[in-house]
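J.: Quick one, input.txt (compact mmCIF, C-alpha atoms):
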```txt
# COMPACT_ATOMS: atom_id res chain seq x y z
CA MET A 1 -8.18 28.40 11.97
CA ASP A 2 -6.59 30.67 9.39
CA GLY A 3 -7.33 30.42 5.70
CA PRO A 4 -10.29 28.82 3.97
CA LEU A 5 -10.12 25.25 2.81
CA VAL A 6 -12.13 26.00 -0.32
CA MET A 7 -10.77 29.39 -1.28
CA ASP A 8 -12.29 29.59 -4.75
CA LEU A 9 -15.82 29.04 -3.41
CA GLY A 10 -15.34 31.30 -0.40
CA LEU A 11 -16.29 28.55 2.04
CA GLY A 12 -14.60 28.44 5.43
CA PRO A 13 -13.66 25.18 7.14
CA VAL A 14 -16.72 25.09 9.39
CA VAL A 15 -19.19 25.71 6.53
CA TRP A 16 -17.46 23.13 4.35
CA LEU A 17 -17.51 20.60 7.19
CA PHE A 18 -21.23 21.19 7.74
CA LEU A 19 -21.94 20.66 4.03
CA SER A 20 -19.96 17.39 4.06
CA LEU A 21 -21.88 16.15 7.08
CA LEU A 22 -25.20 17.21 5.54
CA GLY A 23 -24.33 15.41 2.29
CA CYS A 24 -23.44 12.15 4.03
CA VAL A 25 -26.54 12.25 6.23
CA THR A 26 -28.75 13.02 3.22
CA LEU A 27 -27.38 10.09 1.25
CA PHE A 28 -26.99 7.38 3.88
CA PHE A 29 -28.81 8.19 7.14
CA LYS A 30 -31.79 5.90 7.76
CA TRP A 31 -34.49 7.72 9.70
CA GLY A 32 -36.74 4.66 9.62
CA ARG A 33 -34.04 2.68 11.50
CA PHE A 34 -32.75 5.45 13.72
CA TRP A 35 -30.70 3.20 16.03
CA SER A 36 -29.08 1.16 13.27
CA ILE A 37 -25.33 0.54 13.18
CA ARG A 38 -25.15 2.39 9.85
CA ASN A 39 -26.35 5.62 11.47
CA LEU A 40 -23.83 5.23 14.28
CA ASP A 41 -21.07 4.65 11.74
CA LEU A 42 -22.00 7.86 9.92
CA LEU A 43 -21.48 9.82 13.12
CA LEU A 44 -18.24 7.97 13.87
CA LEU A 45 -16.89 8.98 10.47
CA PHE A 46 -16.75 12.55 11.80
CA ALA A 47 -15.30 11.65 15.22
CA PRO A 48 -11.71 12.75 14.35
CA VAL A 49 -12.94 16.05 12.86
CA PRO A 50 -12.80 18.25 16.03
CA GLY A 51 -9.11 17.52 16.55
CA LEU A 52 -8.26 17.94 12.89
CA MET A 53 -10.10 21.26 12.63
CA MET A 54 -7.97 22.61 15.47
CA ILE A 55 -4.85 21.80 13.43
CA VAL A 56 -5.85 22.72 9.87
CA GLY A 57 -4.53 26.10 8.76
CA ARG A 58 -3.23 26.97 12.23
CA ARG A 59 -0.18 29.16 12.54
CA GLY A 60 2.31 27.77 15.00
CA ASP A 61 2.15 24.59 16.99
CA PRO A 62 -1.33 23.09 17.50
CA PRO A 63 -2.57 22.70 21.08
CA TRP A 64 -2.04 19.42 22.88
CA ILE A 65 -5.80 18.98 23.24
CA ALA A 66 -6.11 18.70 19.45
CA PHE A 67 -4.10 15.47 19.42
CA ALA A 68 -5.99 14.21 22.48
CA LEU A 69 -9.29 14.69 20.61
CA LEU A 70 -7.81 12.92 17.61
CA PHE A 71 -6.86 9.96 19.78
CA LEU A 72 -10.39 9.84 21.21
CA GLY A 73 -11.89 9.76 17.72
CA THR A 74 -9.42 7.11 16.60
CA PHE A 75 -10.11 5.01 19.69
CA ALA A 76 -13.84 5.16 18.96
CA TRP A 77 -13.21 3.71 15.50
CA LEU A 78 -10.78 1.14 16.88
CA ALA A 79 -13.46 -0.12 19.29
CA ARG A 80 -16.04 -0.15 16.50
CA LEU A 81 -13.76 -2.23 14.25
CA PHE A 82 -13.16 -4.87 16.92
CA VAL A 83 -16.86 -5.00 17.77
CA ASP A 84 -17.56 -5.67 14.09
CA LEU A 85 -15.91 -9.07 14.47
CA GLY A 86 -18.97 -10.21 16.40
CA PHE A 87 -21.52 -9.07 13.81
CA SER A 88 -22.49 -12.12 11.79
CA ARG A 89 -25.64 -10.62 10.26
CA ARG A 90 -25.83 -7.23 8.59
CA PRO A 91 -29.12 -5.76 7.36
CA LEU A 92 -29.24 -4.59 3.75
CA LEU A 93 -29.68 -0.80 3.88
CA GLU A 94 -30.03 0.93 0.54
CA PRO A 95 -28.74 4.50 0.09
CA ASN A 96 -31.24 7.34 -0.17
CA LEU A 97 -30.22 7.94 -3.81
CA ASN A 98 -30.44 5.53 -6.73
CA ALA A 99 -27.48 4.22 -8.73
CA SER A 100 -27.71 6.87 -11.47
CA GLY A 101 -27.69 9.67 -8.91
CA LEU A 102 -24.74 8.22 -7.00
CA LEU A 103 -22.78 7.68 -10.21
CA THR A 104 -23.40 11.26 -11.34
CA LEU A 105 -22.46 12.63 -7.93
CA SER A 106 -19.29 10.51 -7.74
CA ILE A 107 -18.09 11.49 -11.20
CA GLY A 108 -18.77 15.17 -10.55
CA VAL A 109 -17.05 15.31 -7.15
CA LEU A 110 -14.14 13.18 -8.37
CA GLY A 111 -13.64 15.53 -11.31
CA LEU A 112 -13.53 18.55 -9.00
CA LEU A 113 -11.07 16.78 -6.70
CA LEU A 114 -8.75 15.88 -9.55
CA VAL A 115 -8.80 19.40 -10.99
CA GLU A 116 -7.99 20.85 -7.59
CA THR A 117 -5.29 18.24 -7.00
CA VAL A 118 -3.49 19.39 -10.14
CA SER A 119 -3.95 23.13 -9.62
CA LEU A 120 -3.66 23.56 -5.83
CA PRO A 121 -0.64 25.71 -4.83
CA VAL A 122 2.07 23.89 -2.90
CA GLU A 123 1.78 26.06 0.21
CA GLU A 124 -2.01 25.69 0.33
CA GLY A 125 -1.77 21.91 -0.06
CA ALA A 126 0.67 21.69 2.86
CA LYS A 127 -1.33 24.15 4.95
CA ARG A 128 -4.63 22.29 4.73
CA ASN A 129 -3.10 18.84 5.38
CA PRO A 130 -2.86 18.09 9.14
CA ALA A 131 -0.66 15.07 8.35
CA GLU A 132 1.94 17.12 6.48
CA PRO A 133 5.37 15.99 7.85
CA THR A 134 7.07 18.64 9.97
CA GLY A 135 10.52 17.97 8.50
CA ARG A 136 13.25 15.40 8.09
CA GLU A 137 14.18 12.98 10.78
CA GLU A 138 17.03 14.21 12.94
CA PRO A 139 18.47 12.89 16.21
CA ALA A 140 17.07 14.45 19.35
CA ALA A 141 19.68 16.84 20.71
CA ARG A 142 20.26 19.63 23.21
CA PRO A 143 18.23 22.85 22.98
CA LEU A 144 19.63 25.20 20.36
CA ALA A 145 20.66 28.81 20.79
CA PRO A 146 18.50 31.36 18.91
CA ALA A 147 21.00 31.75 16.07
CA GLU A 148 21.46 27.98 15.78
CA GLU A 149 17.71 27.47 15.90
CA SER A 150 17.12 29.84 12.99
CA ARG A 151 19.71 27.99 10.92
CA ALA A 152 18.14 24.64 11.81
CA VAL A 153 14.71 25.93 10.80
CA ARG A 154 16.06 27.02 7.43
CA GLN A 155 17.64 23.59 6.92
CA VAL A 156 14.34 21.86 7.73
CA ILE A 157 12.49 24.09 5.25
CA ASP A 158 15.04 23.34 2.54
CA ALA A 159 14.64 19.58 3.12
CA ALA A 160 10.85 19.56 3.49
CA PRO A 161 9.01 16.94 1.43
CA LEU A 162 6.89 19.57 -0.32
CA PRO A 163 9.04 22.34 -1.80
CA SER A 164 8.66 25.98 -0.89
CA SER A 165 7.42 28.67 -3.28
CA LEU A 166 10.91 29.01 -4.75
CA LYS A 167 10.92 25.36 -5.83
CA HIS A 168 7.56 24.97 -7.52
CA GLU A 169 9.06 23.60 -10.71
CA ARG A 170 10.95 20.73 -9.14
CA PRO A 171 10.04 17.37 -10.70
CA GLN A 172 9.05 15.92 -7.33
CA VAL A 173 6.06 18.27 -7.14
CA ILE A 174 4.74 17.22 -10.54
CA LEU A 175 5.30 13.52 -9.88
CA GLY A 176 3.75 13.84 -6.42
CA ARG A 177 0.61 15.38 -7.89
CA VAL A 178 0.44 12.59 -10.49
CA LEU A 179 0.62 10.02 -7.69
CA ALA A 180 -2.09 11.88 -5.77
CA VAL A 181 -4.38 11.87 -8.83
CA LEU A 182 -3.76 8.16 -9.34
CA GLY A 183 -4.40 7.56 -5.64
CA HIS A 184 -7.81 9.24 -5.74
CA LEU A 185 -8.76 7.33 -8.88
CA ALA A 186 -7.55 4.03 -7.41
CA LEU A 187 -9.40 4.50 -4.12
CA ALA A 188 -12.71 5.44 -5.75
CA SER A 189 -12.48 2.63 -8.30
CA GLY A 190 -11.21 0.11 -5.74
CA LEU A 191 -14.13 0.72 -3.38
CA TRP A 192 -16.56 0.30 -6.26
CA LEU A 193 -14.86 -2.90 -7.48
CA ILE A 194 -14.94 -4.48 -4.02
CA GLY A 195 -18.62 -3.63 -3.69
CA TRP A 196 -19.32 -5.06 -7.14
CA LYS A 197 -17.26 -8.26 -6.91
CA HIS A 198 -16.94 -9.22 -3.23
CA PHE A 199 -20.07 -7.60 -1.80
CA GLU A 200 -21.96 -8.58 -4.98
CA ARG A 201 -23.76 -5.22 -5.17
CA SER A 202 -22.57 -2.49 -7.51
CA LEU A 203 -24.80 -0.01 -5.66
CA THR A 204 -22.87 -0.68 -2.45
CA GLY A 205 -19.62 0.05 -4.27
CA LEU A 206 -21.02 3.34 -5.55
CA SER A 207 -22.15 4.22 -2.02
CA MET A 208 -18.66 3.66 -0.62
CA ALA A 209 -17.00 5.65 -3.40
CA SER A 210 -19.46 8.53 -2.96
CA CYS A 211 -18.95 8.60 0.80
CA TYR A 212 -15.17 8.61 0.40
CA LEU A 213 -15.31 11.53 -2.03
CA LEU A 214 -17.64 13.58 0.19
CA LEU A 215 -15.80 13.20 3.49
CA PRO A 216 -13.67 16.15 4.65
CA TYR A 217 -10.53 14.04 5.09
CA THR A 218 -10.30 13.59 1.33
CA ARG A 219 -10.04 17.35 0.85
CA MET A 220 -7.60 17.75 3.73
CA ALA A 221 -5.19 15.13 2.39
CA LEU A 222 -5.90 16.12 -1.20
CA VAL A 223 -2.27 16.08 -2.34
CA ASP A 224 -0.80 13.77 0.32
CA SER A 225 0.41 11.06 -2.03
CA GLY A 226 1.92 9.21 0.93
CA GLN A 227 -1.45 8.41 2.46
CA LEU A 228 -3.26 8.07 -0.87
CA VAL A 229 -0.80 5.61 -2.43
CA SER A 230 -0.50 3.35 0.61
CA SER A 231 -4.26 3.34 1.23
CA ALA A 232 -4.97 2.54 -2.42
CA LEU A 233 -2.47 -0.34 -2.32
CA VAL A 234 -4.20 -1.85 0.72
CA VAL A 235 -7.66 -1.46 -0.87
CA TYR A 236 -6.54 -3.26 -4.01
CA ALA A 237 -4.88 -5.93 -1.88
CA VAL A 238 -8.35 -6.59 -0.44
CA PHE A 239 -9.76 -6.73 -3.96
CA TRP A 240 -7.12 -9.29 -5.02
CA TYR A 241 -7.11 -11.20 -1.72
CA ALA A 242 -7.78 -14.48 -3.54
CA ARG A 243 -4.42 -14.05 -5.34
CA PRO A 244 -1.87 -14.23 -2.49
CA ALA A 245 1.09 -13.26 -4.67
CA ILE A 246 -0.64 -10.09 -5.87
CA SER A 247 -1.88 -9.17 -2.41
CA GLY A 248 1.62 -9.81 -1.03
CA LEU A 249 3.09 -7.47 -3.62
CA LEU A 250 0.61 -4.71 -2.74
CA ILE A 251 0.93 -5.07 1.03
CA GLY A 252 4.73 -5.15 0.75
CA LEU A 253 4.70 -1.94 -1.30
CA ALA A 254 2.35 -0.26 1.18
CA ALA A 255 4.62 -1.22 4.10
CA GLY A 256 7.63 0.08 2.21
CA TRP A 257 5.85 3.36 1.43
CA ILE A 258 4.56 4.04 4.98
CA PRO A 259 5.87 1.89 7.87
CA ALA A 260 2.49 2.23 9.63
CA CYS A 261 1.38 -0.58 7.29
CA LEU A 262 4.02 -3.00 8.60
CA GLY A 263 1.51 -4.53 10.99
CA LEU A 264 -0.50 -5.80 8.02
CA LEU A 265 2.28 -8.22 7.02
CA PRO A 266 1.76 -10.72 9.89
CA LEU A 267 -2.03 -10.23 9.85
CA TRP A 268 -2.35 -11.26 6.22
CA THR A 269 0.12 -14.09 6.84
CA GLY A 270 -2.31 -15.52 9.39
CA PHE A 271 -5.15 -15.18 6.89
CA TYR A 272 -3.68 -17.56 4.32
CA ARG A 273 -3.01 -21.28 4.62
CA GLY A 274 -0.78 -23.81 2.89
CA ARG A 275 0.83 -22.86 -0.41
CA ALA A 276 -1.10 -19.59 -0.47
CA ARG A 277 0.67 -18.53 2.74
CA VAL A 278 4.07 -19.42 1.29
CA ALA A 279 3.35 -17.41 -1.85
CA TYR A 280 2.17 -14.42 0.16
CA ILE A 281 5.07 -14.42 2.62
CA SER A 282 7.74 -14.82 -0.06
CA VAL A 283 6.41 -11.94 -2.16
CA ALA A 284 5.47 -9.54 0.65
CA ALA A 285 8.70 -10.03 2.60
CA SER A 286 10.82 -9.71 -0.54
CA VAL A 287 9.11 -6.48 -1.64
CA ALA A 288 9.34 -4.92 1.84
CA ALA A 289 13.01 -5.90 2.10
CA VAL A 290 13.80 -4.46 -1.35
CA CYS A 291 12.11 -1.18 -0.39
CA ALA A 292 14.20 -1.02 2.81
CA LEU A 293 17.43 -1.78 0.95
CA LEU A 294 16.73 0.83 -1.71
CA GLY A 295 16.04 3.41 0.97
CA ALA A 296 19.31 2.61 2.77
CA ALA A 297 21.42 2.35 -0.39
CA GLY A 298 22.28 6.05 -0.41
CA LEU A 299 21.43 6.48 -4.10
CA GLY A 300 19.10 9.41 -3.52
CA LEU A 301 16.04 7.19 -3.80
CA SER A 302 15.03 7.79 -0.17
CA GLU A 303 15.05 11.56 -0.71
CA TRP A 304 12.88 11.18 -3.81
CA ALA A 305 10.50 8.85 -1.99
CA ARG A 306 10.10 11.27 0.93
CA ALA A 307 9.56 14.14 -1.48
CA LEU A 308 6.73 12.10 -3.04
CA GLY A 309 5.06 11.54 0.33
CA ALA A 310 6.63 8.33 1.63
CA ARG A 311 7.53 8.19 5.32
CA SER A 312 10.74 6.77 6.72
CA VAL A 313 11.17 4.37 9.63
CA ALA A 314 12.77 7.12 11.71
CA GLU A 315 9.99 9.58 10.96
CA VAL A 316 7.29 7.26 12.29
CA GLY A 317 9.30 6.64 15.46
CA LEU A 318 10.71 3.13 15.03
CA LEU A 319 14.31 4.23 15.63
CA PRO A 320 14.97 5.17 19.28
CA GLN A 321 17.65 7.78 18.57
CA TYR A 322 15.15 10.09 16.91
CA GLY A 323 12.67 12.22 18.81
CA PRO A 324 9.58 14.16 17.75
CA ARG A 325 9.74 17.84 16.97
CA PRO A 326 7.89 20.06 19.48
CA GLY A 327 4.27 20.49 18.48
CA SER A 328 4.44 17.82 15.78
CA SER A 329 2.45 15.20 17.65
CA PHE A 330 0.90 14.10 20.91
CA TRP A 331 4.33 12.83 21.98
CA GLY A 332 6.18 16.08 21.28
CA ALA A 333 6.15 17.28 24.90
CA ILE A 334 6.01 13.88 26.62
CA ASP A 335 8.91 11.76 27.81
CA PRO A 336 9.65 9.03 25.20
CA SER A 337 9.50 6.31 27.86
CA PHE A 338 5.70 6.73 28.03
CA ARG A 339 5.42 5.90 24.34
CA LEU A 340 7.22 2.57 24.69
CA PRO A 341 4.31 0.72 26.40
CA VAL A 342 2.01 1.92 23.60
CA LEU A 343 4.34 0.52 20.97
CA ILE A 344 4.67 -2.77 22.87
CA GLY A 345 0.90 -2.99 23.19
CA TYR A 346 0.55 -2.47 19.45
CA LEU A 347 3.05 -5.27 18.74
CA ALA A 348 1.10 -7.56 21.07
CA MET A 349 -2.10 -6.65 19.20
CA VAL A 350 -0.46 -7.51 15.88
CA LEU A 351 0.58 -10.95 17.15
CA ILE A 352 -2.86 -11.66 18.60
CA VAL A 353 -4.87 -10.72 15.51
CA ALA A 354 -2.44 -12.65 13.30
CA PHE A 355 -3.61 -15.89 14.93
CA LEU A 356 -7.10 -15.04 16.22
CA PRO A 357 -9.61 -15.84 14.96
CA ALA A 358 -7.94 -18.97 13.64
CA ARG A 359 -10.04 -19.14 10.47
CA LYS A 360 -10.54 -15.64 9.18
CA ASP A 361 -12.92 -14.73 6.39
CA LEU A 362 -12.83 -11.61 4.23
CA ALA A 363 -14.94 -9.64 6.73
CA HIS A 364 -12.43 -10.43 9.51
CA LEU A 365 -9.52 -9.47 7.29
CA ILE A 366 -11.02 -6.08 6.41
CA SER A 367 -11.97 -5.24 10.00
CA LEU A 368 -8.62 -6.27 11.49
CA SER A 369 -6.62 -4.50 8.77
CA ALA A 370 -8.52 -1.28 9.45
CA ALA A 371 -8.05 -1.79 13.21
CA LEU A 372 -4.27 -2.16 12.90
CA LEU A 373 -3.99 0.93 10.71
CA ALA A 374 -6.10 2.90 13.18
CA ALA A 375 -4.09 1.59 16.15
CA SER A 376 -0.83 2.64 14.48
CA GLN A 377 -1.90 6.26 14.99
CA PHE A 378 -1.30 5.96 18.74
CA TRP A 379 2.44 5.26 18.43
CA TYR A 380 3.06 7.14 15.18
CA LEU A 381 5.67 9.75 16.09
CA ASP A 382 5.19 12.58 13.58
CA LYS A 383 1.57 13.82 13.34
CA GLY A 384 0.18 10.67 14.94
CA GLY A 385 -3.59 10.55 14.73
CA THR A 386 -3.83 12.77 11.65
CA LEU A 387 -3.34 10.02 9.04
CA VAL A 388 -7.06 9.27 8.92
CA LEU A 389 -6.96 8.43 5.22
CA LEU A 390 -4.86 5.35 5.98
CA TYR A 391 -7.75 3.48 7.58
CA LEU A 392 -10.75 5.45 6.27
CA PRO A 393 -11.34 3.39 3.06
CA LEU A 394 -11.22 0.13 5.00
CA ALA A 395 -13.55 1.62 7.60
CA LEU A 396 -15.98 2.38 4.78
CA LEU A 397 -15.77 -1.27 3.69
CA VAL A 398 -16.64 -2.32 7.24
CA MET A 399 -19.47 0.20 7.39
CA PHE A 400 -21.14 -0.85 4.12
CA ARG A 401 -20.34 -4.55 3.96
CA PRO A 402 -23.28 -6.99 3.80
CA THR A 403 -23.65 -10.29 5.61
CA MET A 404 -20.78 -12.42 4.33
CA ASN A 405 -21.36 -15.81 5.97
CA ALA A 406 -22.27 -17.32 2.60
CA ARG A 407 -18.88 -16.24 1.29
CA ARG A 408 -16.91 -17.75 4.18
CA HIS A 409 -16.28 -21.11 2.51
CA ARG A 410 -15.24 -19.50 -0.77
CA ALA A 411 -12.84 -17.16 1.05
CA TRP A 412 -11.32 -20.12 2.92
CA ALA A 413 -10.88 -22.06 -0.32
CA SER A 414 -9.33 -19.10 -2.12
CA ARG A 415 -6.66 -18.54 0.49
CA ASN A 416 -5.75 -22.22 0.74
CA GLY A 417 -4.54 -22.60 -2.82
CA PRO A 418 -5.74 -24.15 -6.08
CA ALA A 419 -6.47 -27.60 -4.63
CA ALA A 420 -8.92 -26.23 -2.07
CA THR A 421 -10.55 -24.03 -4.72
CA ALA A 422 -10.99 -27.02 -7.04
CA SER A 423 -12.57 -29.10 -4.28
CA THR A 424 -14.96 -26.24 -3.49
CA GLN A 425 -16.02 -25.92 -7.13
CA SER A 426 -16.57 -29.69 -7.46
CA ALA A 427 -18.69 -29.69 -4.33
```
How does the structure come out when it is put into structure tokens?
T.:
Amino acid sequence: MDGPLVMDLGLGPVVWLFLSLLGCVTLFFKWGRFWSIRNLDLLLLFAPVPGLMMIVGRRGDPPWIAFALLFLGTFAWLARLFVDLGFSRRPLLEPNLNASGLLTLSIGVLGLLLVETVSLPVEEGAKRNPAEPTGREEPAARPLAPAEESRAVRQVIDAAPLPSSLKHERPQVILGRVLAVLGHLALASGLWLIGWKHFERSLTGLSMASCYLLLPYTRMALVDSGQLVSSALVVYAVFWYARPAISGLLIGLAAGWIPACLGLLPLWTGFYRGRARVAYISVAASVAAVCALLGAAGLGLSEWARALGARSVAEVGLLPQYGPRPGSSFWGAIDPSFRLPVLIGYLAMVLIVAFLPARKDLAHLISLSAALLAASQFWYLDKGGTLVLLYLPLALLVMFRPTMNARRHRAWASRNGPAATASTQSA
């Protein structure tokens, strides 16, 4: 692993990782309930770290084992998220720090993150981000001669989503950093708002925001506006879940920004009923279709979107004529036919969770949304497994959520339209 992740403080990746783990354990580990689910979740939060640390700052292609370790960590979280569907009762576990301490810590760490987001050099931001795209999507072709390969490499560098050192002043860099700053602010505030409004405990919201800010993935994807924007959109869709038109707008934008979120469209469709479902489908499908049309219009919007961190359908591997670049993912050195059953299995999972359980509450919606985002890492073509920040905020919601059986009837009424809500209030 070449190059420190926190250069100004002189901390190497291993030391910084240890401090992050120590901070999370200090704040949230319950020694009095050693075998609690919360303690297991804290350890699972660091399950993808070994694979990521083998990729961060590495010169050349990462080893195949790094992506295998990432898949193991992602599978552990995927199993945990599906198991959560059977947990009807959750004990109330307070953090080891009071609200004033958590608020002070969150504000301080968030301020440091935002300052570094603005000031981090372009090369350093790309170097520390394991999910940094390897280049533009191009059709898989015959092996190139050395001279042709050098020209192709130069073309990929010129078209990379984050400009090289000769292009630091391009507007895309500035706008991308603005989106990254807004993404961090939206994720921290969204986690707190969900804890305050839906979990009915402001302290729980502060705990989730603090944990998000302390985890190493936040520093790795510090300037990855692609992950930050889409993840923030999904978090705020959860916050506004009782407004199907607003949640449809946010989910549609997230799916248009990163196609890994496409699986959320049918899941949330199965969550709503009646007029609420019609409102959600009409808005979400329209927004996703508009994003696709704008990207295919040839007006330069797709190039701007990719420069700001958005991923294309070809880049994530949904177009068969495009293949992965060597060393860019688990599938880089594997025949594409082996990836097809994984993609089919994911589509089957999407269809199943869209209809089961038949009556979903908010806890089901959060768990299944996080599960689909985690499962998308297995078929994601470019840097699959490294987009941890896509499902991490929802995993934190699953980890900290209280018992929500008392909210089940209100969630059902909210997603069934005004008439059901009125009948609930009169009751």
J.: Just how far from atom CA of Gly256 of chain A is atom CA of Ala279 of chain A, in Å to one decimal?
T.: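 It comes out at 18.5 Å.
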J.: Take atom CA of Ser302 of chain A and atom CA of Tyr217 of chain A and report the distance between them in Å, one decimal.
T.: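 Value for the atom CA of Ser302 of chain A-atom CA of Tyr217 of chain A distance: 26.8 Å.
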J.: Quote the spacing between atom CA of Glu303 of chain A and atom CA of Arg128 of chain A in Å to one decimal place.
T.: 23.1 Å
J.: Neighbours of segment 30-42 of chain A within 8 Å (all atoms listed in the file; same-chain residues fewer than 3 positions away dropped), as a PyMOL selection string?
T.: chain A and resi 24-25+45-46+399-400
J.: Tell me, as a count of residues only, which residues lie within 7 Å of segment 182-197 of chain A, counting all atoms listed in the file; anything in the same chain fewer than 3 positions away does not count.
T.: 17
J.: Report as a PyMOL selection string all protein, DNA and RNA residues lying within 8 Å of Cys211 of chain A, evaluated on all atoms listed in the file, omitting residues in the same chain fewer than 4 positions from it.
T.: chain A and resi 24+207+215+396
J.: Taking the point (-7.9, -2.4, 10.9) as given in the file, collect each protein or nucleic acid residue that comes within 12 Å of it, counting all atoms listed in the file, and present the set as JSON, numbers by chain.
T.: {"A": [74, 75, 77, 78, 79, 80, 81, 82, 83, 84, 85, 231, 234, 235, 260, 261, 263, 264, 267, 268, 349, 350, 353, 354, 363, 364, 365, 366, 367, 368, 369, 370, 371, 372, 373, 374, 375, 376, 377, 388, 390, 391, 392, 393, 394, 395, 396, 397, 398]}
J.: May I ask which of the residues A:Val173, A:Ser282, A:Arg275, A:Leu340 is the closest one to Pro121 of chain A, counting only C-alpha atoms?
T.: A:Val173
